[in-house]
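Trainee: Dropping in run_23.txt, with compact mmCIF, C-alpha atoms.
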```
# COMPACT_ATOMS: atom_id res chain seq x y z
CA MET A 5 15.25 12.27 -5.03
CA TRP A 6 13.57 13.54 -1.87
CA GLY A 7 12.92 16.92 -3.48
CA GLU A 8 11.38 15.36 -6.58
CA LEU A 9 8.99 13.21 -4.58
CA ALA A 10 8.07 15.79 -1.93
CA PRO A 11 5.34 17.71 -3.85
CA VAL A 12 3.51 14.62 -5.10
CA GLY A 13 0.08 14.27 -3.49
CA ARG A 14 0.66 17.00 -0.93
CA ASP A 15 -2.36 18.96 0.26
CA ARG A 16 -1.62 22.67 0.42
CA ALA A 17 -4.06 23.36 3.22
CA SER A 18 -2.98 20.66 5.65
CA GLY A 19 0.59 20.12 4.52
CA GLY A 20 -0.09 16.39 4.65
CA TYR A 21 -0.05 13.78 1.91
CA ARG A 22 -2.98 12.09 0.18
CA ARG A 23 -1.31 9.43 -1.90
CA HIS A 24 -4.12 6.89 -1.92
CA ALA A 25 -4.02 3.70 -3.95
CA TRP A 26 -4.83 3.84 -7.65
CA THR A 27 -5.33 7.62 -7.73
CA GLY A 28 -3.51 10.29 -9.73
CA ALA A 29 -1.07 10.93 -6.88
CA ASP A 30 -0.35 7.21 -6.68
CA ALA A 31 0.28 7.13 -10.43
CA ASP A 32 2.74 10.01 -10.09
CA CYS A 33 4.57 8.16 -7.31
CA ARG A 34 4.71 5.03 -9.42
CA ALA A 35 6.07 7.01 -12.38
CA TRP A 36 8.75 8.45 -10.09
CA PHE A 37 9.74 4.93 -8.99
CA ARG A 38 10.00 3.72 -12.56
CA GLY A 39 12.10 6.74 -13.49
CA GLN A 40 14.52 6.07 -10.62
CA ALA A 41 14.82 2.44 -11.64
CA GLU A 42 15.45 3.15 -15.31
CA ALA A 43 17.92 5.94 -14.54
CA ARG A 44 20.06 3.34 -12.74
CA GLY A 45 19.82 0.73 -15.48
CA LEU A 46 17.66 -1.57 -13.37
CA ARG A 47 15.14 -3.95 -14.91
CA TYR A 48 11.71 -2.55 -14.10
CA GLU A 49 8.55 -4.63 -13.79
CA VAL A 50 5.09 -4.55 -12.24
CA ASP A 51 3.77 -7.78 -10.80
CA ARG A 52 0.23 -9.15 -11.08
CA ASN A 53 -0.81 -7.31 -7.89
CA GLY A 54 0.48 -3.90 -8.89
CA ASN A 55 3.68 -4.00 -6.83
CA GLN A 56 6.68 -2.39 -8.54
CA TRP A 57 10.13 -4.02 -8.77
CA ALA A 58 13.53 -2.78 -9.91
CA TRP A 59 16.06 -5.58 -10.42
CA LEU A 60 19.85 -5.62 -10.50
CA GLY A 61 21.10 -9.01 -11.69
CA ASP A 62 19.18 -12.09 -12.75
CA ALA A 63 15.88 -12.22 -10.87
CA ASP A 64 15.38 -15.85 -11.87
CA ALA A 65 18.63 -16.88 -10.18
CA GLY A 66 16.86 -16.85 -6.82
CA ASP A 67 18.17 -16.08 -3.32
CA ALA A 68 17.77 -12.37 -4.06
CA VAL A 69 18.19 -9.63 -1.48
CA VAL A 70 15.24 -7.24 -1.70
CA THR A 71 14.70 -3.89 -0.03
CA GLY A 72 12.07 -1.16 -0.33
CA SER A 73 8.80 -0.10 1.26
CA HIS A 74 5.73 1.80 0.01
CA LEU A 75 4.86 5.22 -1.42
CA ASP A 76 1.16 5.58 -0.53
CA SER A 77 -0.04 7.45 2.55
CA VAL A 78 -2.81 7.70 5.11
CA PRO A 79 -5.09 10.75 4.77
CA ASP A 80 -2.93 13.81 5.48
CA GLY A 81 0.02 11.58 6.32
CA GLY A 82 3.63 12.55 6.74
CA ALA A 83 6.41 12.61 4.18
CA PHE A 84 8.52 9.82 5.68
CA ASP A 85 6.25 6.84 6.39
CA GLY A 86 7.02 4.55 3.45
CA PRO A 87 8.81 6.93 1.07
CA LEU A 88 11.87 7.12 3.33
CA GLY A 89 12.39 3.40 2.81
CA VAL A 90 12.04 3.59 -0.97
CA VAL A 91 14.25 6.67 -1.37
CA SER A 92 16.84 5.17 0.99
CA SER A 93 16.87 1.96 -1.05
CA PHE A 94 17.86 3.77 -4.24
CA ALA A 95 20.35 5.89 -2.28
CA ALA A 96 21.86 2.77 -0.71
CA LEU A 97 22.35 1.24 -4.15
CA ASP A 98 24.07 4.44 -5.26
CA GLU A 99 26.33 4.22 -2.19
CA LEU A 100 27.22 0.60 -2.93
CA ARG A 101 28.10 1.45 -6.51
CA ARG A 102 30.26 4.31 -5.22
CA ARG A 103 32.04 1.79 -2.99
CA GLY A 104 32.60 -0.50 -5.97
CA ALA A 105 30.60 -3.31 -4.39
CA ARG A 106 30.50 -6.58 -6.34
CA PHE A 107 27.17 -8.33 -6.00
CA THR A 108 27.05 -12.10 -5.68
CA ARG A 109 23.26 -12.25 -5.26
CA PRO A 110 20.52 -10.50 -7.25
CA LEU A 111 19.30 -7.25 -5.67
CA ALA A 112 15.86 -5.68 -6.02
CA ILE A 113 14.05 -2.57 -4.80
CA ALA A 114 10.29 -2.83 -4.34
CA ASN A 115 7.35 -0.48 -3.91
CA PHE A 116 4.40 -2.39 -2.48
CA GLY A 117 0.97 -1.06 -3.42
CA ASP A 118 -1.73 0.16 -1.04
CA GLU A 119 0.21 -0.49 2.17
CA GLU A 120 -1.72 2.03 4.27
CA GLY A 121 -5.19 0.91 3.22
CA ALA A 122 -6.41 4.50 3.27
CA ARG A 123 -8.78 4.11 0.34
CA PHE A 124 -10.24 0.62 0.71
CA GLY A 125 -9.86 0.10 4.44
CA LEU A 126 -7.45 -2.85 4.36
CA ALA A 127 -3.73 -2.37 4.96
CA CYS A 128 -0.94 -4.04 2.96
CA VAL A 129 -3.15 -5.08 0.05
CA GLY A 130 -0.26 -5.52 -2.40
CA SER A 131 1.87 -7.67 -0.10
CA ARG A 132 -1.17 -9.59 1.26
CA LEU A 133 -2.17 -10.55 -2.27
CA ALA A 134 1.37 -11.62 -3.16
CA ALA A 135 1.70 -13.71 -0.01
CA GLY A 136 -1.71 -15.35 -0.45
CA GLN A 137 -3.14 -13.72 2.69
CA LEU A 138 -5.89 -11.98 0.70
CA SER A 139 -7.92 -13.87 -1.88
CA LYS A 140 -8.96 -12.49 -5.23
CA ALA A 141 -12.60 -12.61 -4.15
CA GLN A 142 -11.85 -10.72 -0.93
CA ALA A 143 -9.88 -8.09 -2.80
CA HIS A 144 -12.61 -7.64 -5.41
CA ALA A 145 -15.12 -7.01 -2.62
CA LEU A 146 -13.21 -3.97 -1.31
CA VAL A 147 -15.03 -0.66 -1.86
CA ASP A 148 -13.95 2.91 -1.17
CA ALA A 149 -16.04 5.67 0.41
CA ASP A 150 -17.35 6.75 -3.01
CA GLY A 151 -18.57 3.27 -3.91
CA VAL A 152 -15.70 2.54 -6.28
CA THR A 153 -14.55 -1.07 -6.05
CA LEU A 154 -10.92 -2.08 -6.04
CA PRO A 155 -11.24 -3.76 -9.48
CA GLN A 156 -12.76 -0.58 -10.92
CA ALA A 157 -9.98 1.57 -9.47
CA MET A 158 -7.26 -0.75 -10.73
CA GLU A 159 -8.78 -0.94 -14.19
CA ARG A 160 -9.06 2.85 -14.42
CA ALA A 161 -5.36 3.04 -13.53
CA GLY A 162 -4.48 0.65 -16.35
CA HIS A 163 -3.97 -2.51 -14.28
CA ASP A 164 -5.76 -5.82 -14.83
CA PRO A 165 -7.79 -6.64 -11.67
CA ASP A 166 -8.50 -10.17 -12.89
CA ALA A 167 -4.80 -11.02 -12.73
CA ILE A 168 -4.37 -10.42 -9.01
CA GLY A 169 -3.66 -13.24 -6.61
CA PRO A 170 -0.92 -15.22 -4.85
CA ASP A 171 2.53 -14.90 -6.38
CA PRO A 172 4.58 -17.75 -4.89
CA GLU A 173 6.96 -17.94 -7.86
CA ARG A 174 8.05 -14.34 -7.37
CA LEU A 175 8.41 -14.66 -3.62
CA ALA A 176 10.46 -17.84 -4.13
CA ARG A 177 13.11 -15.66 -5.77
CA ILE A 178 13.69 -13.79 -2.52
CA GLY A 179 16.31 -14.92 -0.02
CA ALA A 180 15.86 -11.93 2.31
CA PHE A 181 13.73 -8.79 2.46
CA VAL A 182 14.95 -5.80 4.49
CA GLU A 183 12.64 -2.80 4.92
CA LEU A 184 13.88 0.55 6.22
CA HIS A 185 11.21 2.70 7.89
CA ILE A 186 10.96 5.78 10.03
CA GLU A 187 10.37 4.79 13.64
CA GLN A 188 6.75 5.33 14.67
CA GLY A 189 7.54 6.25 18.24
CA ARG A 190 10.43 7.74 20.23
CA ALA A 191 12.41 4.77 21.51
CA LEU A 192 15.48 5.66 19.43
CA ASP A 193 15.23 9.31 20.43
CA ARG A 194 15.98 8.22 24.00
CA THR A 195 19.29 6.72 22.85
CA GLU A 196 22.33 8.03 21.02
CA HIS A 197 21.56 5.75 18.05
CA PRO A 198 20.02 7.03 14.78
CA VAL A 199 19.17 3.52 13.57
CA GLY A 200 17.57 0.48 15.21
CA ILE A 201 16.60 -3.08 14.28
CA ALA A 202 13.05 -4.41 14.59
CA SER A 203 12.47 -7.42 16.84
CA ALA A 204 8.75 -8.01 16.33
CA ILE A 205 5.46 -6.46 15.21
CA TRP A 206 2.59 -6.58 17.69
CA PRO A 207 -0.57 -8.44 16.66
CA HIS A 208 -3.15 -5.96 15.42
CA GLY A 209 -6.46 -5.70 13.63
CA ARG A 210 -9.41 -3.56 12.59
CA TRP A 211 -13.00 -4.10 13.69
CA ARG A 212 -16.10 -2.32 12.33
CA PHE A 213 -18.83 -1.53 14.85
CA ASP A 214 -22.26 -0.80 13.35
CA PHE A 215 -24.62 0.89 15.82
CA ALA A 216 -28.18 0.92 14.42
CA GLY A 217 -30.69 3.29 16.00
CA GLU A 218 -33.71 5.28 14.85
CA ALA A 219 -33.51 8.48 12.84
CA ASN A 220 -35.62 11.30 14.23
CA HIS A 221 -35.86 15.04 14.64
CA ALA A 222 -33.23 16.53 16.97
CA GLY A 223 -35.52 19.32 18.09
CA THR A 224 -38.81 17.54 18.70
CA THR A 225 -37.87 14.10 20.02
CA ARG A 226 -37.72 13.82 23.79
CA LEU A 227 -34.48 12.40 25.18
CA VAL A 228 -36.32 9.49 26.76
CA ASP A 229 -37.91 8.57 23.43
CA ARG A 230 -34.66 8.40 21.51
CA ARG A 231 -32.75 5.38 20.19
CA ASP A 232 -29.58 7.34 19.55
CA PRO A 233 -26.63 5.23 18.31
CA MET A 234 -24.26 8.15 18.76
CA LEU A 235 -24.52 7.75 22.54
CA THR A 236 -23.65 4.07 22.25
CA TYR A 237 -20.75 4.84 19.97
CA ALA A 238 -19.40 7.52 22.32
CA ALA A 239 -19.61 5.18 25.30
CA THR A 240 -17.78 2.51 23.31
CA VAL A 241 -14.96 4.91 22.44
CA LEU A 242 -14.45 5.61 26.14
CA ALA A 243 -14.66 1.90 26.96
CA ALA A 244 -11.95 1.18 24.40
CA ARG A 245 -9.66 3.70 26.05
CA ARG A 246 -10.24 2.16 29.48
CA ALA A 247 -9.70 -1.41 28.22
CA ALA A 248 -6.45 -0.44 26.51
CA GLU A 249 -5.15 1.40 29.57
CA ASP A 250 -5.94 -1.55 31.82
CA ALA A 251 -4.13 -4.00 29.52
CA GLY A 252 -1.13 -1.89 28.54
CA ALA A 253 -2.27 -2.00 24.92
CA VAL A 254 -3.63 0.55 22.43
CA ALA A 255 -7.15 0.92 21.03
CA THR A 256 -8.35 3.68 18.75
CA PHE A 257 -11.60 4.66 17.08
CA GLY A 258 -10.13 6.85 14.36
CA LYS A 259 -12.81 6.68 11.68
CA VAL A 260 -16.57 7.18 11.93
CA ALA A 261 -19.43 7.38 9.44
CA VAL A 262 -22.86 8.69 10.36
CA GLU A 263 -26.23 8.38 8.62
CA PRO A 264 -28.06 10.55 7.72
CA ASN A 265 -25.28 12.87 8.99
CA GLY A 266 -27.47 15.91 9.58
CA VAL A 267 -26.94 18.52 12.28
CA ASN A 268 -30.62 18.48 13.22
CA ALA A 269 -31.13 14.71 12.91
CA ILE A 270 -30.69 11.89 15.38
CA PRO A 271 -28.60 9.32 13.52
CA SER A 272 -30.07 6.09 12.24
CA LEU A 273 -26.62 4.50 11.98
CA VAL A 274 -23.20 5.21 13.42
CA ARG A 275 -20.39 3.11 12.03
CA GLY A 276 -17.04 3.25 13.82
CA TRP A 277 -13.77 1.48 13.12
CA LEU A 278 -11.63 0.18 15.99
CA ASP A 279 -7.89 -0.28 15.54
CA SER A 280 -6.33 -2.24 18.40
CA ARG A 281 -2.81 -3.56 19.00
CA ALA A 282 -1.06 -5.30 21.87
CA VAL A 283 2.21 -6.95 22.73
CA ASP A 284 0.71 -10.45 22.47
CA GLN A 285 -2.38 -12.23 21.19
CA ASP A 286 -3.96 -12.92 24.57
CA THR A 287 -3.79 -9.24 25.54
CA LEU A 288 -5.24 -8.13 22.22
CA ASP A 289 -8.08 -10.63 22.49
CA ALA A 290 -8.84 -9.42 26.02
CA VAL A 291 -9.01 -5.79 24.93
CA VAL A 292 -11.27 -6.39 21.95
CA THR A 293 -13.52 -8.69 23.96
CA ALA A 294 -13.85 -6.03 26.66
CA VAL A 295 -14.71 -3.35 24.10
CA GLN A 296 -17.35 -5.54 22.46
CA ALA A 297 -18.89 -6.45 25.83
CA ALA A 298 -19.11 -2.78 26.84
CA ALA A 299 -20.63 -1.88 23.46
CA ARG A 300 -23.28 -4.61 23.71
CA GLU A 301 -24.21 -3.67 27.26
CA ARG A 302 -24.63 -0.01 26.36
CA ALA A 303 -26.45 -0.85 23.11
CA GLY A 304 -28.97 -2.83 25.12
CA SER A 305 -29.70 0.05 27.47
CA ASP A 306 -29.93 2.52 24.57
CA GLY A 307 -32.23 0.36 22.46
CA VAL A 308 -29.61 0.23 19.73
CA GLY A 309 -28.65 -2.69 17.50
CA LEU A 310 -24.99 -3.71 17.26
CA THR A 311 -23.03 -5.67 14.66
CA VAL A 312 -19.26 -6.18 14.92
CA VAL A 313 -17.20 -7.31 11.93
CA ARG A 314 -13.47 -8.01 12.00
CA GLU A 315 -12.23 -6.50 8.74
CA SER A 316 -8.54 -7.36 9.05
CA PHE A 317 -6.12 -9.05 11.37
CA THR A 318 -2.37 -9.62 11.47
CA PRO A 319 -0.89 -11.99 14.07
CA VAL A 320 2.32 -11.25 15.93
CA VAL A 321 5.40 -11.22 13.70
CA ASP A 322 8.65 -12.25 15.34
CA PHE A 323 11.31 -11.42 12.77
CA PRO A 324 13.67 -14.36 12.11
CA HIS A 325 16.40 -14.32 14.73
CA ALA A 326 19.11 -15.59 12.37
CA LEU A 327 18.64 -12.74 9.89
CA ARG A 328 18.24 -10.20 12.67
CA GLU A 329 21.44 -11.38 14.34
CA GLU A 330 23.30 -11.29 11.04
CA ILE A 331 22.21 -7.70 10.45
CA ASP A 332 23.21 -6.77 13.98
CA ARG A 333 26.65 -8.28 13.34
CA ILE A 334 26.99 -6.37 10.06
CA LEU A 335 26.15 -3.13 11.86
CA GLY A 336 28.66 -3.67 14.63
CA GLY A 337 26.68 -5.49 17.28
CA SER A 338 25.50 -2.52 19.33
CA VAL A 339 22.33 -1.44 17.50
CA PRO A 340 19.14 -1.09 19.59
CA VAL A 341 16.51 -3.78 18.99
CA LEU A 342 12.94 -2.48 19.09
CA GLY A 343 9.45 -3.92 19.00
CA THR A 344 6.70 -1.99 17.22
CA GLY A 345 2.94 -1.73 17.18
CA ALA A 346 2.86 -0.60 13.54
CA GLY A 347 2.16 -2.99 10.68
CA HIS A 348 4.41 -3.19 7.63
CA ASP A 349 4.83 -5.09 4.37
CA ALA A 350 7.85 -6.82 5.95
CA GLY A 351 5.50 -8.27 8.54
CA ILE A 352 3.12 -9.63 5.91
CA LEU A 353 5.92 -11.13 3.82
CA SER A 354 7.54 -12.75 6.85
CA ALA A 355 5.23 -15.74 6.49
CA ALA A 356 6.77 -16.47 3.08
CA VAL A 357 10.35 -15.13 3.12
CA PRO A 358 12.96 -14.16 5.75
CA THR A 359 12.37 -10.49 6.58
CA ALA A 360 13.93 -7.80 8.74
CA MET A 361 13.45 -4.09 9.41
CA LEU A 362 15.63 -1.09 10.16
CA PHE A 363 14.18 1.97 11.90
CA VAL A 364 15.40 5.56 11.55
CA ARG A 365 15.09 7.87 14.54
CA ASN A 366 12.00 10.08 14.73
CA PRO A 367 12.59 12.89 17.26
CA THR A 368 8.93 13.91 17.40
CA GLY A 369 7.60 10.38 17.80
CA VAL A 370 4.71 11.52 15.59
CA SER A 371 3.56 9.42 12.64
CA HIS A 372 0.61 9.45 10.23
CA SER A 373 0.73 13.25 10.49
CA PRO A 374 2.46 16.13 8.69
CA ALA A 375 4.52 16.57 11.90
CA GLU A 376 6.31 13.29 11.22
CA HIS A 377 10.02 14.01 10.89
CA ALA A 378 13.52 12.60 10.67
CA ALA A 379 16.66 14.73 10.64
CA GLU A 380 18.72 14.73 7.45
CA ASP A 381 21.78 13.38 9.27
CA ASP A 382 19.71 10.48 10.65
CA CYS A 383 18.29 9.74 7.21
CA ALA A 384 21.83 9.64 5.84
CA ALA A 385 22.82 7.30 8.68
CA GLY A 386 19.89 5.10 7.69
CA VAL A 387 21.11 4.99 4.09
CA ARG A 388 24.62 4.02 5.20
CA ALA A 389 23.23 1.33 7.52
CA LEU A 390 21.02 -0.08 4.77
CA ALA A 391 23.95 -0.03 2.34
CA ASP A 392 26.08 -1.90 4.89
CA VAL A 393 23.35 -4.50 5.35
CA LEU A 394 22.79 -4.97 1.62
CA GLU A 395 26.54 -5.24 1.07
CA GLY A 396 26.85 -7.80 3.85
CA LEU A 397 23.98 -9.87 2.47
CA ALA A 398 24.32 -9.49 -1.30
CA CYS A 399 28.06 -9.04 -1.86
CA ARG A 400 29.46 -12.24 -0.38
CA SER A 401 29.65 -15.83 -1.51
CA HIS A 402 27.48 -18.59 0.00
```
What would you get if you wrote out this structure as structure tokens?
Mentor:
Amino acid sequence: MWGELAPVGRDRASGGYRRHAWTGADADCRAWFRGQAEARGLRYEVDRNGNQWAWLGDADAGDAVVTGSHLDSVPDGGAFDGPLGVVSSFAALDELRRRGARFTRPLAIANFGDEEGARFGLACVGSRLAAGQLSKAQAHALVDADGVTLPQAMERAGHDPDAIGPDPERLARIGAFVELHIEQGRALDRTEHPVGIASAIWPHGRWRFDFAGEANHAGTTRLVDRRDPMLTYAATVLAARRAAEDAGAVATFGKVAVEPNGVNAIPSLVRGWLDSRAVDQDTLDAVVTAVQAAARERAGSDGVGLTVVRESFTPVVDFPHALREEIDRILGGSVPVLGTGAGHDAGILSAAVPTAMLFVRNPTGVSHSPAEHAAEDDCAAGVRALADVLEGLACRSH
């Protein structure tokens, strides 16, 4: 399975993946998922929000155990973030069938659409829509860098954009959702354990900073006569780093757009996107407030206008202790429990259904990069752990 999926959406020059939502690469990933489902005799379906499902047993019976992740990527992302969870889900089902497991609850494998938000700027679109955390109007307003709206992209891919919206009936079928994911950090690498359990997801969000200056000639405009938004943006990037360091949080300006974007032109507009995450809400609020204050102060001295828009936000997710403790018991009671600053579909769905996460060791600690890696033995350990968890949850009477 890993070999079949590996070439899809891979850029030859960078070695990274560009599996963005509702593109050809995304369609190929979705076709792969459907093929895996049908090869195992699972009932395949696509929900109103474009999320894919593969069902074993009667979905309408309720109290289902669901696993899975996502197949899309960030620009030039790694091979493991998302796909490892989907591949491992099918492999875990194969392992359970090999064991002769007898299921007493329905089981499903899911691929949630547009988790990374690489194309339209909002993460976890598929799960947000299903959970009612993103309205139809908000989703229809999303636009990619080429001016293509989300409805246009979905329609071109053969999906009905007018059907999207909350899906409480489907989520009501789920008794537990367990997502396996490569660890995005090196906490497990400092232990002897290949697999860990998630405790919580830090609160995190994305803010767009628009710095409006005055376009002018780079060669003829005196420095003192300039209203250069690039200077304000650069100072804000440095301020974000200082605020994050002071608070023990993280803050990153990882995307920037410049107008008119000419080598010999002073920009008229610099638009930068801040991603910030912290262990708790108060710390996150303090960091973002400090960054905004520094940006406004510098904008005033530079003669630059500033607008800040919060484009997305996810509050802290503390995974249900009862499910987490049950999974720990199933796995022997000695599995490391880790917090994470990375967002996931499991975090979004936690507001509607009991959710949990398993992490697989990442020796490089690198994520969202072609250098992302997990050893084959650790991936196999992840499959066995997921199979044990699914067996413990879905193969016993209640």
Trainee: Counting all atoms listed in the file, which residues come within 12 Å of (2.6, -1.6, 2.5), with the point read in the file's coordinates, and could you list them as a PyMOL selection string?
Mentor: chain A and resi 24-25+54-56+72-78+85-87+89-90+114-122+126-134+183+185+346-353
Trainee: Keeping only C-alpha atoms, write the selected residues as a compact mmCIF listing (two decimals), in the coordinates of the input.
Mentor:
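result-v8.txt was written with the following content:
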```
# COMPACT_ATOMS: atom_id res chain seq x y z
CA HIS A 24 -4.12 6.89 -1.92
CA ALA A 25 -4.02 3.70 -3.95
CA GLY A 54 0.48 -3.90 -8.89
CA ASN A 55 3.68 -4.00 -6.83
CA GLN A 56 6.68 -2.39 -8.54
CA GLY A 72 12.07 -1.16 -0.33
CA SER A 73 8.80 -0.10 1.26
CA HIS A 74 5.73 1.80 0.01
CA LEU A 75 4.86 5.22 -1.42
CA ASP A 76 1.16 5.58 -0.53
CA SER A 77 -0.04 7.45 2.55
CA VAL A 78 -2.81 7.70 5.11
CA ASP A 85 6.25 6.84 6.39
CA GLY A 86 7.02 4.55 3.45
CA PRO A 87 8.81 6.93 1.07
CA GLY A 89 12.39 3.40 2.81
CA VAL A 90 12.04 3.59 -0.97
CA ALA A 114 10.29 -2.83 -4.34
CA ASN A 115 7.35 -0.48 -3.91
CA PHE A 116 4.40 -2.39 -2.48
CA GLY A 117 0.97 -1.06 -3.42
CA ASP A 118 -1.73 0.16 -1.04
CA GLU A 119 0.21 -0.49 2.17
CA GLU A 120 -1.72 2.03 4.27
CA GLY A 121 -5.19 0.91 3.22
CA ALA A 122 -6.41 4.50 3.27
CA LEU A 126 -7.45 -2.85 4.36
CA ALA A 127 -3.73 -2.37 4.96
CA CYS A 128 -0.94 -4.04 2.96
CA VAL A 129 -3.15 -5.08 0.05
CA GLY A 130 -0.26 -5.52 -2.40
CA SER A 131 1.87 -7.67 -0.10
CA ARG A 132 -1.17 -9.59 1.26
CA LEU A 133 -2.17 -10.55 -2.27
CA ALA A 134 1.37 -11.62 -3.16
CA GLU A 183 12.64 -2.80 4.92
CA HIS A 185 11.21 2.70 7.89
CA ALA A 346 2.86 -0.60 13.54
CA GLY A 347 2.16 -2.99 10.68
CA HIS A 348 4.41 -3.19 7.63
CA ASP A 349 4.83 -5.09 4.37
CA ALA A 350 7.85 -6.82 5.95
CA GLY A 351 5.50 -8.27 8.54
CA ILE A 352 3.12 -9.63 5.91
CA LEU A 353 5.92 -11.13 3.82
```
Trainee: Separation of CA of Arg275 in chain A and CA of Val262 in chain A, in Å?
Mentor: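 Value for the CA of Arg275 in chain A-CA of Val262 in chain A distance: 6.3 Å.
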Trainee: Once 5 Å is added on each side, what are the centre and the three edge lengths, in Å to one decimal, of the axis-aligned box enclosing the listed atoms of range 28-35 of chain A? Present them as AutoDock Vina command-line options.
Mentor:
```
--center_x 1.3 --center_y 8.0 --center_z -9.5 --size_x 19.6 --size_y 15.9 --size_z 15.7
```
Trainee: Neighbours of Arg22 in chain A within 7 Å (all atoms listed in the file; same-chain residues fewer than 4 positions away dropped), as JSON, numbers by chain?
Mentor: {"A": [13, 14, 15, 77, 78, 79, 80, 81]}
Trainee: Write to file, as a short mmCIF file (atom, residue, chain, number, x, y, z; two decimals), keeping the file's coordinate frame, the residues of the selection just made, with C-alpha atoms.
Mentor:
```cif
data_model
loop_
_atom_site.label_atom_id
_atom_site.label_comp_id
_atom_site.auth_asym_id
_atom_site.auth_seq_id
_atom_site.Cartn_x
_atom_site.Cartn_y
_atom_site.Cartn_z
CA GLY A 13 0.08 14.27 -3.49
CA ARG A 14 0.66 17.00 -0.93
CA ASP A 15 -2.36 18.96 0.26
CA SER A 77 -0.04 7.45 2.55
CA VAL A 78 -2.81 7.70 5.11
CA PRO A 79 -5.09 10.75 4.77
CA ASP A 80 -2.93 13.81 5.48
CA GLY A 81 0.02 11.58 6.32
#
```
Trainee: For Phe124 in chain A, work out the shell of residues within 7 Å, counting all atoms listed in the file and skipping chain neighbours fewer than 3 positions away, then give it as number ranges by chain.
Mentor: A: 121, 146-148
Trainee: Could you jot down the CA of Glu187 in chain A to CA of Arg328 in chain A separation for me, Å, one decimal place?
Mentor: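 Computed distance, CA of Glu187 in chain A to CA of Arg328 in chain A, equals 17.0 Å.
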Trainee: Got a sec: who's within 12 Å of Leu227 in chain A, counting all atoms listed in the file, leaving out chain neighbours fewer than 6 positions off, as number ranges by chain?
Mentor: A: 220-221, 235, 270, 306
Trainee: Rounded to one decimal, what separation in Å do you get between CA of Leu9 in chain A and CA of Ala63 in chain A?
Mentor: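 Going from CA of Leu9 in chain A over to CA of Ala63 in chain A, I get 27.1 Å.
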Trainee: Please list as JSON, numbers by chain every residue within 10 Å of Val260 in chain A, counting all atoms listed in the file and excluding residues in the same chain fewer than 4 positions away.
Mentor: {"A": [212, 213, 214, 237, 274, 275, 276, 277, 278]}
Trainee: At a cut-off of 12 Å, using all atoms listed in the file, what residues contact Thr153 in chain A? Leave out same-chain residues fewer than 2 positions from it and give the result as a list in words.
Mentor: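 Listing them by chain and then by number gives Ala25, Trp26, Arg123, Phe124, Gly125, Ala141, Gln142, Ala143, His144, Ala145, Leu146, Val147, Asp148, Ala149, Asp150, Gly151, Pro155, Gln156, Ala157, Met158, Glu159, Arg160 and Pro165 of chain A.
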Trainee: For Val267 in chain A, which of A:Glu49, A:Phe363, A:Gly223, A:Gly162 is the closest residue, counting all atoms listed in the file?
Mentor: A:Gly223
Trainee: Go through A:Gly169, A:Pro198, A:Gly345, A:Pro207 one by one, measure the shortest atom-to-atom distance of each to Phe317 in chain A using all atoms listed in the file, and give the residue with the smallest value.
Mentor: A:Pro207
Trainee: Pick from A:Gly209, A:Gly304, A:Gly396, A:Gly200: nearest to Asp232 in chain A, with all atoms listed in the file counted?
Mentor: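 Answer, going by the shortest atom-to-atom distance: A:Gly304.
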Trainee: Using all atoms listed in the file, can you tell me which of A:Leu397, A:Ile113, A:Ala255, A:Ala105 comes closest to Arg38 in chain A?
Mentor: A:Ile113
Trainee: Of the residues A:Phe94, A:Gly217, A:Arg281, A:Asp64, which is the one nearest to Trp36 in chain A, using all atoms listed in the file?
Mentor: A:Phe94
Trainee: Let me make sure I understand: among A:Asp382, A:Asp32, A:Glu42, A:Asp98, which one has the smallest atom-to-atom distance to Glu196 in chain A if we use all atoms listed in the file?
Mentor: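 Looking at the shortest contact to Glu196 in chain A, the residue is A:Asp382.
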